[in-house]
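Next up, query_35.cif (mmCIF, C-alpha atoms and all ligand atoms; chains and numbers go by the auth columns):
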```cif
data_input
#
loop_
_atom_site.group_PDB
_atom_site.id
_atom_site.type_symbol
_atom_site.label_atom_id
_atom_site.label_comp_id
_atom_site.label_asym_id
_atom_site.label_seq_id
_atom_site.Cartn_x
_atom_site.Cartn_y
_atom_site.Cartn_z
_atom_site.B_iso_or_equiv
_atom_site.auth_seq_id
_atom_site.auth_asym_id
ATOM 1 C CA MET A 1 0.000 0.000 0.000 0.00 39 A
ATOM 2 C CA ILE A 2 2.718 2.432 1.034 0.00 40 A
ATOM 3 C CA SER A 3 4.892 1.603 -1.964 0.00 41 A
ATOM 4 C CA SER A 4 1.995 2.117 -4.427 0.00 42 A
ATOM 5 C CA LYS A 5 1.290 5.498 -2.807 0.00 43 A
ATOM 6 C CA ARG A 6 4.948 6.447 -3.232 0.00 44 A
ATOM 7 C CA LYS A 7 4.808 5.460 -6.876 0.00 45 A
ATOM 8 C CA VAL A 8 1.800 7.706 -7.502 0.00 46 A
ATOM 9 C CA ARG A 9 3.468 10.656 -5.777 0.00 47 A
ATOM 10 C CA SER A 10 6.747 10.350 -7.659 0.00 48 A
ATOM 11 C CA THR A 11 5.102 10.478 -11.110 0.00 49 A
ATOM 12 C CA PRO A 12 5.802 14.023 -12.307 0.00 50 A
ATOM 13 C CA SER A 13 2.883 15.956 -13.757 0.00 51 A
ATOM 14 C CA GLN A 14 2.466 19.486 -15.118 0.00 52 A
ATOM 15 C CA THR A 15 -0.583 21.680 -15.397 0.00 53 A
ATOM 16 C CA PHE A 16 -2.200 22.139 -18.811 0.00 54 A
ATOM 17 C CA LEU A 17 -1.304 25.852 -18.745 0.00 55 A
ATOM 18 C CA SER A 18 2.384 25.150 -18.015 0.00 56 A
ATOM 19 C CA LYS A 19 2.564 22.663 -20.891 0.00 57 A
ATOM 20 C CA THR A 20 0.834 25.092 -23.254 0.00 58 A
ATOM 21 C CA PHE A 21 3.262 27.854 -22.293 0.00 59 A
ATOM 22 C CA HIS A 22 6.232 25.522 -22.773 0.00 60 A
ATOM 23 C CA TRP A 23 5.113 24.357 -26.232 0.00 61 A
ATOM 24 C CA ILE A 24 4.359 27.889 -27.474 0.00 62 A
ATOM 25 C CA ASN A 25 7.647 29.128 -26.018 0.00 63 A
ATOM 26 C CA ILE A 26 9.663 26.522 -27.949 0.00 64 A
ATOM 27 C CA ILE A 27 7.782 27.040 -31.232 0.00 65 A
ATOM 28 C CA SER A 28 7.848 30.849 -31.063 0.00 66 A
ATOM 29 C CA LEU A 29 11.566 30.862 -30.112 0.00 67 A
ATOM 30 C CA MET A 30 12.351 28.691 -33.132 0.00 68 A
ATOM 31 C CA LEU A 31 10.444 31.161 -35.331 0.00 69 A
ATOM 32 C CA MET A 32 12.272 34.112 -33.722 0.00 70 A
ATOM 33 C CA ILE A 33 15.722 32.521 -34.126 0.00 71 A
ATOM 34 C CA THR A 34 15.315 31.322 -37.734 0.00 72 A
ATOM 35 C CA SER A 35 13.732 34.592 -38.932 0.00 73 A
ATOM 36 C CA GLY A 36 16.268 36.615 -36.884 0.00 74 A
ATOM 37 C CA LEU A 37 19.161 34.822 -38.563 0.00 75 A
ATOM 38 C CA GLN A 38 17.536 35.567 -41.946 0.00 76 A
ATOM 39 C CA ILE A 39 17.643 39.268 -41.030 0.00 77 A
ATOM 40 C CA TYR A 40 21.234 38.878 -39.817 0.00 78 A
ATOM 41 C CA ASN A 41 22.295 37.374 -43.154 0.00 79 A
ATOM 42 C CA ALA A 42 21.299 40.525 -45.058 0.00 80 A
ATOM 43 C CA ASN A 43 24.021 42.406 -43.185 0.00 81 A
ATOM 44 C CA PRO A 44 25.960 40.236 -40.682 0.00 82 A
ATOM 45 C CA VAL A 45 26.449 41.814 -37.260 0.00 83 A
ATOM 46 C CA PHE A 46 30.133 40.870 -37.348 0.00 84 A
ATOM 47 C CA GLY A 47 32.056 41.807 -40.487 0.00 85 A
ATOM 48 C CA GLY A 48 29.211 43.506 -42.416 0.00 86 A
ATOM 49 C CA ARG A 49 28.089 42.240 -45.878 0.00 87 A
ATOM 50 C CA GLU A 50 31.378 40.336 -46.271 0.00 88 A
ATOM 51 C CA GLY A 51 30.948 38.666 -42.870 0.00 89 A
ATOM 52 C CA TRP A 52 30.047 35.041 -42.166 0.00 90 A
ATOM 53 C CA HIS A 53 26.539 33.995 -43.295 0.00 91 A
ATOM 54 C CA PHE A 54 24.243 31.316 -41.867 0.00 92 A
ATOM 55 C CA PRO A 55 23.231 28.469 -44.231 0.00 93 A
ATOM 56 C CA ASP A 56 19.801 28.736 -45.930 0.00 94 A
ATOM 57 C CA PHE A 57 18.315 25.589 -44.377 0.00 95 A
ATOM 58 C CA ILE A 58 18.136 27.146 -40.893 0.00 96 A
ATOM 59 C CA LEU A 59 16.583 30.416 -42.108 0.00 97 A
ATOM 60 C CA LEU A 60 12.952 31.476 -42.273 0.00 98 A
ATOM 61 C CA GLY A 61 11.451 34.007 -44.672 0.00 99 A
ATOM 62 C CA GLY A 62 13.444 33.549 -47.885 0.00 100 A
ATOM 63 C CA TRP A 63 14.867 37.100 -47.916 0.00 101 A
ATOM 64 C CA LEU A 64 15.303 40.145 -45.659 0.00 102 A
ATOM 65 C CA GLY A 65 11.691 41.366 -46.044 0.00 103 A
ATOM 66 C CA GLY A 66 10.253 37.870 -45.478 0.00 104 A
ATOM 67 C CA GLY A 67 12.463 37.364 -42.424 0.00 105 A
ATOM 68 C CA ARG A 68 11.322 40.687 -40.967 0.00 106 A
ATOM 69 C CA HIS A 69 7.646 39.826 -41.522 0.00 107 A
ATOM 70 C CA TRP A 70 8.066 36.498 -39.709 0.00 108 A
ATOM 71 C CA HIS A 71 10.139 38.079 -36.928 0.00 109 A
ATOM 72 C CA PHE A 72 7.637 40.850 -36.220 0.00 110 A
ATOM 73 C CA ALA A 73 4.625 38.518 -36.424 0.00 111 A
ATOM 74 C CA ALA A 74 6.179 35.873 -34.129 0.00 112 A
ATOM 75 C CA MET A 75 7.295 38.518 -31.610 0.00 113 A
ATOM 76 C CA TRP A 76 3.628 38.886 -30.548 0.00 114 A
ATOM 77 C CA LEU A 77 3.280 35.158 -29.971 0.00 115 A
ATOM 78 C CA PHE A 78 6.600 34.993 -28.119 0.00 116 A
ATOM 79 C CA SER A 79 6.167 38.036 -25.876 0.00 117 A
ATOM 80 C CA LEU A 80 2.432 37.645 -25.137 0.00 118 A
ATOM 81 C CA ASN A 81 3.077 33.996 -24.230 0.00 119 A
ATOM 82 C CA LEU A 82 5.790 35.075 -21.782 0.00 120 A
ATOM 83 C CA LEU A 83 3.499 37.784 -20.407 0.00 121 A
ATOM 84 C CA TRP A 84 0.551 35.501 -19.705 0.00 122 A
ATOM 85 C CA TYR A 85 2.835 32.880 -18.171 0.00 123 A
ATOM 86 C CA GLY A 86 4.243 35.596 -15.896 0.00 124 A
ATOM 87 C CA LEU A 87 0.693 36.576 -14.877 0.00 125 A
ATOM 88 C CA TYR A 88 -0.257 32.914 -14.377 0.00 126 A
ATOM 89 C CA ILE A 89 2.620 32.114 -12.021 0.00 127 A
ATOM 90 C CA PHE A 90 2.122 35.432 -10.230 0.00 128 A
ATOM 91 C CA VAL A 91 -1.620 34.985 -9.646 0.00 129 A
ATOM 92 C CA THR A 92 -1.292 31.311 -8.635 0.00 130 A
ATOM 93 C CA ARG A 93 1.806 32.178 -6.534 0.00 131 A
ATOM 94 C CA ARG A 94 3.754 29.453 -8.301 0.00 132 A
ATOM 95 C CA TRP A 95 6.737 31.814 -8.637 0.00 133 A
ATOM 96 C CA GLN A 96 7.409 31.346 -4.918 0.00 134 A
ATOM 97 C CA ARG A 97 8.517 27.735 -5.360 0.00 135 A
ATOM 98 C CA ARG A 98 9.154 27.580 -9.106 0.00 136 A
ATOM 99 C CA PHE A 99 12.399 29.535 -9.286 0.00 137 A
ATOM 100 C CA ALA A 100 15.852 29.219 -7.707 0.00 138 A
ATOM 101 C CA ASP A 101 16.197 30.714 -4.238 0.00 139 A
ATOM 102 C CA GLY A 102 18.770 31.113 -1.446 0.00 140 A
ATOM 103 C CA GLY A 103 18.375 27.429 -0.539 0.00 141 A
ATOM 104 C CA ASP A 104 19.595 26.403 -3.997 0.00 142 A
ATOM 105 C CA LEU A 105 22.606 28.709 -3.820 0.00 143 A
ATOM 106 C CA LYS A 106 23.465 27.324 -0.391 0.00 144 A
ATOM 107 C CA ALA A 107 23.070 23.745 -1.605 0.00 145 A
ATOM 108 C CA LEU A 108 25.558 24.426 -4.397 0.00 146 A
ATOM 109 C CA GLN A 109 28.112 25.605 -1.841 0.00 147 A
ATOM 110 C CA VAL A 110 27.681 23.210 1.080 0.00 148 A
ATOM 111 C CA SER A 111 25.530 20.222 0.125 0.00 149 A
ATOM 112 C CA GLN A 112 27.238 16.834 -0.045 0.00 150 A
ATOM 113 C CA ASN A 113 24.261 15.343 -1.836 0.00 151 A
ATOM 114 C CA PRO A 114 24.854 15.246 -5.620 0.00 152 A
ATOM 115 C CA LYS A 115 21.089 14.932 -6.290 0.00 153 A
ATOM 116 C CA ARG A 116 20.380 18.122 -4.368 0.00 154 A
ATOM 117 C CA LYS A 117 23.174 19.881 -6.262 0.00 155 A
ATOM 118 C CA ASN A 118 21.777 18.818 -9.648 0.00 156 A
ATOM 119 C CA TYR A 119 18.356 20.012 -8.602 0.00 157 A
ATOM 120 C CA ALA A 120 19.813 23.374 -7.582 0.00 158 A
ATOM 121 C CA TRP A 121 21.611 23.705 -10.961 0.00 159 A
ATOM 122 C CA HIS A 122 18.404 22.781 -12.769 0.00 160 A
ATOM 123 C CA ARG A 123 16.427 25.503 -11.006 0.00 161 A
ATOM 124 C CA LEU A 124 19.236 28.023 -11.383 0.00 162 A
ATOM 125 C CA VAL A 125 19.527 27.455 -15.151 0.00 163 A
ATOM 126 C CA TYR A 126 15.846 27.808 -15.936 0.00 164 A
ATOM 127 C CA THR A 127 15.575 30.837 -13.671 0.00 165 A
ATOM 128 C CA ALA A 128 18.577 32.529 -15.315 0.00 166 A
ATOM 129 C CA ILE A 129 17.033 32.300 -18.776 0.00 167 A
ATOM 130 C CA ILE A 130 14.147 34.630 -17.851 0.00 168 A
ATOM 131 C CA PRO A 131 16.388 37.757 -17.842 0.00 169 A
ATOM 132 C CA VAL A 132 17.945 36.583 -21.129 0.00 170 A
ATOM 133 C CA LEU A 133 14.499 36.346 -22.770 0.00 171 A
ATOM 134 C CA LEU A 134 13.581 39.762 -21.368 0.00 172 A
ATOM 135 C CA LEU A 135 16.843 41.166 -22.750 0.00 173 A
ATOM 136 C CA ALA A 136 15.950 39.732 -26.194 0.00 174 A
ATOM 137 C CA ILE A 137 12.580 41.512 -26.002 0.00 175 A
ATOM 138 C CA LEU A 138 13.970 44.828 -24.730 0.00 176 A
ATOM 139 C CA SER A 139 16.881 44.987 -27.205 0.00 177 A
ATOM 140 C CA GLY A 140 14.472 43.885 -29.976 0.00 178 A
ATOM 141 C CA LEU A 141 11.999 46.634 -29.084 0.00 179 A
ATOM 142 C CA ALA A 142 14.854 49.149 -28.971 0.00 180 A
ATOM 143 C CA MET A 143 15.671 48.291 -32.618 0.00 181 A
ATOM 144 C CA TYR A 144 12.028 47.990 -33.674 0.00 182 A
ATOM 145 C CA LYS A 145 10.956 51.459 -32.488 0.00 183 A
ATOM 146 C CA PRO A 146 14.199 53.451 -32.072 0.00 184 A
ATOM 147 C CA ALA A 147 12.451 56.831 -32.437 0.00 185 A
ATOM 148 C CA GLN A 148 9.622 56.203 -29.956 0.00 186 A
ATOM 149 C CA LEU A 149 11.858 54.200 -27.556 0.00 187 A
ATOM 150 C CA HIS A 150 15.016 56.341 -27.958 0.00 188 A
ATOM 151 C CA TRP A 151 15.617 56.232 -24.174 0.00 189 A
ATOM 152 C CA LEU A 152 15.740 52.421 -24.368 0.00 190 A
ATOM 153 C CA SER A 153 17.961 52.322 -27.476 0.00 191 A
ATOM 154 C CA GLY A 154 20.209 54.934 -25.785 0.00 192 A
ATOM 155 C CA LEU A 155 20.858 52.581 -22.851 0.00 193 A
ATOM 156 C CA PHE A 156 22.810 50.291 -25.197 0.00 194 A
ATOM 157 C CA GLY A 157 25.255 53.033 -26.264 0.00 195 A
ATOM 158 C CA SER A 158 25.700 52.454 -29.989 0.00 196 A
ATOM 159 C CA TRP A 159 23.574 50.731 -32.646 0.00 197 A
ATOM 160 C CA GLN A 160 26.316 48.109 -33.137 0.00 198 A
ATOM 161 C CA THR A 161 26.273 47.280 -29.386 0.00 199 A
ATOM 162 C CA LEU A 162 22.488 47.019 -29.514 0.00 200 A
ATOM 163 C CA ARG A 163 22.630 44.617 -32.482 0.00 201 A
ATOM 164 C CA THR A 164 25.389 42.592 -30.804 0.00 202 A
ATOM 165 C CA VAL A 165 23.460 42.275 -27.523 0.00 203 A
ATOM 166 C CA HIS A 166 20.294 41.216 -29.399 0.00 204 A
ATOM 167 C CA PHE A 167 22.241 38.701 -31.474 0.00 205 A
ATOM 168 C CA ILE A 168 24.075 37.204 -28.475 0.00 206 A
ATOM 169 C CA THR A 169 20.727 36.217 -26.948 0.00 207 A
ATOM 170 C CA VAL A 170 20.569 33.515 -29.683 0.00 208 A
ATOM 171 C CA PRO A 171 23.623 31.400 -28.666 0.00 209 A
ATOM 172 C CA THR A 172 22.712 32.036 -25.010 0.00 210 A
ATOM 173 C CA VAL A 173 19.188 30.670 -25.513 0.00 211 A
ATOM 174 C CA ILE A 174 20.551 27.657 -27.443 0.00 212 A
ATOM 175 C CA LEU A 175 23.149 26.850 -24.759 0.00 213 A
ATOM 176 C CA PHE A 176 20.501 27.255 -22.097 0.00 214 A
ATOM 177 C CA THR A 177 18.161 24.864 -23.904 0.00 215 A
ATOM 178 C CA ILE A 178 20.872 22.191 -24.057 0.00 216 A
ATOM 179 C CA ALA A 179 21.782 22.615 -20.359 0.00 217 A
ATOM 180 C CA HIS A 180 18.108 22.744 -19.366 0.00 218 A
ATOM 181 C CA SER A 181 17.312 19.498 -21.240 0.00 219 A
ATOM 182 C CA LEU A 182 20.328 17.627 -19.835 0.00 220 A
ATOM 183 C CA LEU A 183 19.629 18.770 -16.269 0.00 221 A
ATOM 184 C CA ALA A 184 15.927 17.878 -16.576 0.00 222 A
ATOM 185 C CA LEU A 185 16.987 14.375 -17.643 0.00 223 A
ATOM 186 C CA LYS A 186 19.450 14.135 -14.762 0.00 224 A
ATOM 187 C CA VAL A 187 17.019 15.420 -12.144 0.00 225 A
ATOM 188 C CA GLY A 188 13.830 13.646 -13.199 0.00 226 A
ATOM 189 C CA SER A 189 14.831 11.229 -15.996 0.00 227 A
ATOM 190 C CA ILE A 190 12.821 10.902 -19.214 0.00 228 A
ATOM 191 C CA ARG A 191 9.608 10.809 -17.156 0.00 229 A
ATOM 192 C CA LEU A 192 10.049 14.450 -16.141 0.00 230 A
ATOM 193 C CA VAL A 193 10.796 15.471 -19.738 0.00 231 A
ATOM 194 C CA LYS A 194 7.725 13.578 -21.014 0.00 232 A
ATOM 195 C CA SER A 195 5.512 15.174 -18.358 0.00 233 A
ATOM 196 C CA MET A 196 6.206 18.602 -19.889 0.00 234 A
ATOM 197 C CA PHE A 197 5.399 17.539 -23.457 0.00 235 A
ATOM 198 C CA LEU A 198 2.567 14.972 -23.267 0.00 236 A
HETATM 199 C C1 LIG B . 9.988 39.646 -28.936 0.00 301 B
HETATM 200 C C2 LIG B . 10.759 40.674 -29.051 0.00 301 B
HETATM 201 C C3 LIG B . 11.664 40.918 -30.222 0.00 301 B
HETATM 202 C C4 LIG B . 11.643 42.022 -31.016 0.00 301 B
HETATM 203 C C5 LIG B . 10.714 43.215 -30.872 0.00 301 B
HETATM 204 C C6 LIG B . 12.702 41.857 -32.008 0.00 301 B
HETATM 205 C C7 LIG B . 13.011 42.787 -32.967 0.00 301 B
HETATM 206 C C8 LIG B . 14.061 42.716 -33.846 0.00 301 B
HETATM 207 C C9 LIG B . 14.472 43.747 -34.777 0.00 301 B
HETATM 208 C C10 LIG B . 13.796 45.101 -34.925 0.00 301 B
HETATM 209 C C11 LIG B . 15.522 43.291 -35.471 0.00 301 B
HETATM 210 C C12 LIG B . 16.290 44.042 -36.568 0.00 301 B
HETATM 211 C C13 LIG B . 15.470 43.956 -37.800 0.00 301 B
HETATM 212 C C14 LIG B . 16.075 44.731 -38.919 0.00 301 B
HETATM 213 O O1 LIG B . 17.140 45.315 -38.781 0.00 301 B
HETATM 214 O O2 LIG B . 15.440 44.730 -39.959 0.00 301 B
HETATM 215 C C15 LIG B . 15.824 41.968 -34.980 0.00 301 B
HETATM 216 C C16 LIG B . 16.862 41.185 -35.429 0.00 301 B
HETATM 217 C C17 LIG B . 17.176 39.936 -34.901 0.00 301 B
HETATM 218 N N1 LIG B . 16.505 39.260 -33.906 0.00 301 B
HETATM 219 FE FE1 LIG B . 14.924 39.968 -32.851 0.00 301 B
HETATM 220 N N2 LIG B . 13.331 40.673 -31.797 0.00 301 B
HETATM 221 C C18 LIG B . 12.730 40.065 -30.712 0.00 301 B
HETATM 222 C C19 LIG B . 13.074 38.843 -30.162 0.00 301 B
HETATM 223 C C20 LIG B . 14.076 38.008 -30.620 0.00 301 B
HETATM 224 C C21 LIG B . 14.421 36.728 -30.060 0.00 301 B
HETATM 225 C C22 LIG B . 13.705 36.070 -28.877 0.00 301 B
HETATM 226 C C23 LIG B . 15.444 36.240 -30.780 0.00 301 B
HETATM 227 C C24 LIG B . 16.175 34.942 -30.574 0.00 301 B
HETATM 228 C C25 LIG B . 16.564 34.536 -29.369 0.00 301 B
HETATM 229 C C26 LIG B . 15.793 37.206 -31.804 0.00 301 B
HETATM 230 C C27 LIG B . 16.791 37.091 -32.732 0.00 301 B
HETATM 231 C C28 LIG B . 17.154 38.058 -33.662 0.00 301 B
HETATM 232 C C29 LIG B . 18.299 37.976 -34.535 0.00 301 B
HETATM 233 C C30 LIG B . 19.305 36.814 -34.629 0.00 301 B
HETATM 234 C C31 LIG B . 18.323 39.149 -35.310 0.00 301 B
HETATM 235 C C32 LIG B . 19.353 39.542 -36.346 0.00 301 B
HETATM 236 C C33 LIG B . 20.371 40.419 -35.632 0.00 301 B
HETATM 237 C C34 LIG B . 20.854 41.509 -36.537 0.00 301 B
HETATM 238 O O3 LIG B . 21.285 41.204 -37.628 0.00 301 B
HETATM 239 O O4 LIG B . 20.787 42.687 -36.131 0.00 301 B
HETATM 240 N N3 LIG B . 14.939 38.282 -31.680 0.00 301 B
HETATM 241 N N4 LIG B . 14.931 41.649 -33.985 0.00 301 B
#
```

Let me see whether you can do it: turn the structure in this file into structure tokens.
Ligand code: HEM
Amino acid sequence: MISSKRKVRSTPSQTFLSKTFHWINIISLMLMITSGLQIYNANPVFGGREGWHFPDFILLGGWLGGGRHWHFAAMWLFSLNLLWYGLYIFVTRRWQRRFADGGDLKALQVSQNPKRKNYAWHRLVYTAIIPVLLLAILSGLAMYKPAQLHWLSGLFGSWQTLRTVHFITVPTVILFTIAHSLLALKVGSIRLVKSMFL
């Protein structure tokens, strides 16, 4: 009896709203990255027109104008999804136990338990990506409406710095996704990963 109860408790499950957010986040990020790299290719951030270009098969839009259309359409999906998820975890108070806290930082320093350390890394990594996604939105908005949001664009110093910061969010998001997936597997095995997708 006790063991069957334990089994039930240890099966990870996610709410429908969390899964929906997660799916839309992945799809919209893929749209943002592939259309963003299409824009990049028209005039590479590093090295200008003669700089290194990304291969066609990872690009979305076909040309600069097409890439821009996709990028600016998907930005609504991406940012509104993040906004409603923020409201959802705020209203349901999930943020209080969802993200990394002082206990995780302490565990990384003093805990002798490797499982607890992995768990702390897992929480730390998925918490750290939130500011990166917000930076992608803010630097994107600063380029999208530089006249209306001149105070925001001004915070980045020069246009080249602004483009560089916006671009660097791409490798950061990709690295994060790899670390996040590996840590999720380590912390909760394939059952935890499946619980977020099915
Ligand atoms: C949701 C808010 C976002 C807005 C408002 C936005 C806006 C923009 C704008 C205005 C440009 C320059 C377009 C041009 O010069 O024609 C751009 C380029 C780009 N965006 Fe975004 N973006 C957003 C999010 C993202 C995200 C989440 C990613 C990927 C993580 C991304 C990746 C890129 C890349 C790689 C470029 C090309 C960089 C360059 O060549 O300057 N963007 N974005």

Using only C-alpha atoms and all ligand atoms, find the one residue out of A:Leu98, A:Ile175, A:Val225, A:Ala145 that sits nearest to ligand LIG 301 (chain B).
A:Ile175

Between A:Val163, A:Ile65, A:Val170, A:Val208, single out the one closest to ligand LIG 301 (chain B), counting all atoms listed in the file.
A:Val208

note - CA of Ala111 (chain A) and CA of Asn63 (chain A) are separated by 14.3 Å

Calculate how many Å separate CA of Phe235 (chain A) from atom C6 of ligand LIG 301 (chain B), rounding to one decimal.
26.8 Å

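Counting only C-alpha atoms and comparing A:Ile77, A:Ala217, A:Ile71, A:His109, the residue that lies closest to Ile96 (chain A) is A:Ile71.
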
Return as an NGL selection string every polymer residue, whether protein, DNA or RNA, with at least one atom no more than 6 Å from an atom of ligand LIG 301 (chain B); count all atoms listed in the file.
:A and (67 or 70-71 or 74-75 or 77-78 or 82-83 or 106 or 113 or 116-117 or 174-175 or 178-179 or 181-182 or 201 or 205 or 207-208)

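Restricting the calculation to all atoms listed in the file, the smallest distance between Leu162 (chain A) and any of A:Pro184, A:Gly141, A:Gly195, A:Gly103 is found for A:Gly141.
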
Once the PyMOL selection byres (((chain A and resi 118-128) around 9) and not hetatm) has been applied to the shown file, what residues remain in the selection, as a PyMOL selection string?
chain A and resi 55-56+59+62-63+66+113-117+129-134+136+171

File for region 200-220 of chain A (N, CA and C atoms), as a short mmCIF file (atom, residue, chain, number, x, y, z; two decimals), in the first residue's frame:
```
data_model
loop_
_atom_site.label_atom_id
_atom_site.label_comp_id
_atom_site.auth_asym_id
_atom_site.auth_seq_id
_atom_site.Cartn_x
_atom_site.Cartn_y
_atom_site.Cartn_z
N LEU A 200 23.87 47.48 -29.62
CA LEU A 200 22.49 47.02 -29.51
C LEU A 200 22.27 45.76 -30.35
N ARG A 201 22.75 45.79 -31.61
CA ARG A 201 22.63 44.62 -32.48
C ARG A 201 23.38 43.42 -31.89
N THR A 202 24.57 43.68 -31.36
CA THR A 202 25.39 42.59 -30.80
C THR A 202 24.69 41.95 -29.61
N VAL A 203 24.15 42.80 -28.71
CA VAL A 203 23.46 42.27 -27.52
C VAL A 203 22.27 41.42 -27.97
N HIS A 204 21.48 41.95 -28.93
CA HIS A 204 20.29 41.22 -29.40
C HIS A 204 20.72 39.88 -30.01
N PHE A 205 21.78 39.92 -30.81
CA PHE A 205 22.24 38.70 -31.47
C PHE A 205 22.75 37.67 -30.46
N ILE A 206 23.47 38.14 -29.45
CA ILE A 206 24.08 37.20 -28.48
C ILE A 206 23.01 36.44 -27.67
N THR A 207 21.78 36.98 -27.65
CA THR A 207 20.73 36.22 -26.95
C THR A 207 20.47 34.88 -27.65
N VAL A 208 20.82 34.77 -28.95
CA VAL A 208 20.57 33.52 -29.68
C VAL A 208 21.45 32.36 -29.17
N PRO A 209 22.83 32.50 -29.23
CA PRO A 209 23.62 31.40 -28.67
C PRO A 209 23.34 31.16 -27.19
N THR A 210 23.00 32.22 -26.44
CA THR A 210 22.71 32.04 -25.01
C THR A 210 21.47 31.16 -24.83
N VAL A 211 20.42 31.45 -25.62
CA VAL A 211 19.19 30.67 -25.51
C VAL A 211 19.45 29.21 -25.93
N ILE A 212 20.27 29.02 -26.97
CA ILE A 212 20.55 27.66 -27.44
C ILE A 212 21.34 26.88 -26.38
N LEU A 213 22.36 27.52 -25.81
CA LEU A 213 23.15 26.85 -24.76
C LEU A 213 22.26 26.51 -23.56
N PHE A 214 21.40 27.47 -23.21
CA PHE A 214 20.50 27.25 -22.10
C PHE A 214 19.61 26.04 -22.36
N THR A 215 19.09 25.96 -23.58
CA THR A 215 18.16 24.86 -23.90
C THR A 215 18.86 23.51 -23.75
N ILE A 216 20.12 23.45 -24.19
CA ILE A 216 20.87 22.19 -24.06
C ILE A 216 21.07 21.86 -22.57
N ALA A 217 21.54 22.86 -21.80
CA ALA A 217 21.78 22.61 -20.36
C ALA A 217 20.48 22.25 -19.65
N HIS A 218 19.42 22.96 -19.99
CA HIS A 218 18.11 22.74 -19.37
C HIS A 218 17.62 21.31 -19.63
N SER A 219 17.78 20.84 -20.89
CA SER A 219 17.31 19.50 -21.24
C SER A 219 18.14 18.44 -20.51
N LEU A 220 19.47 18.62 -20.49
CA LEU A 220 20.33 17.63 -19.83
C LEU A 220 20.05 17.57 -18.33
#
```
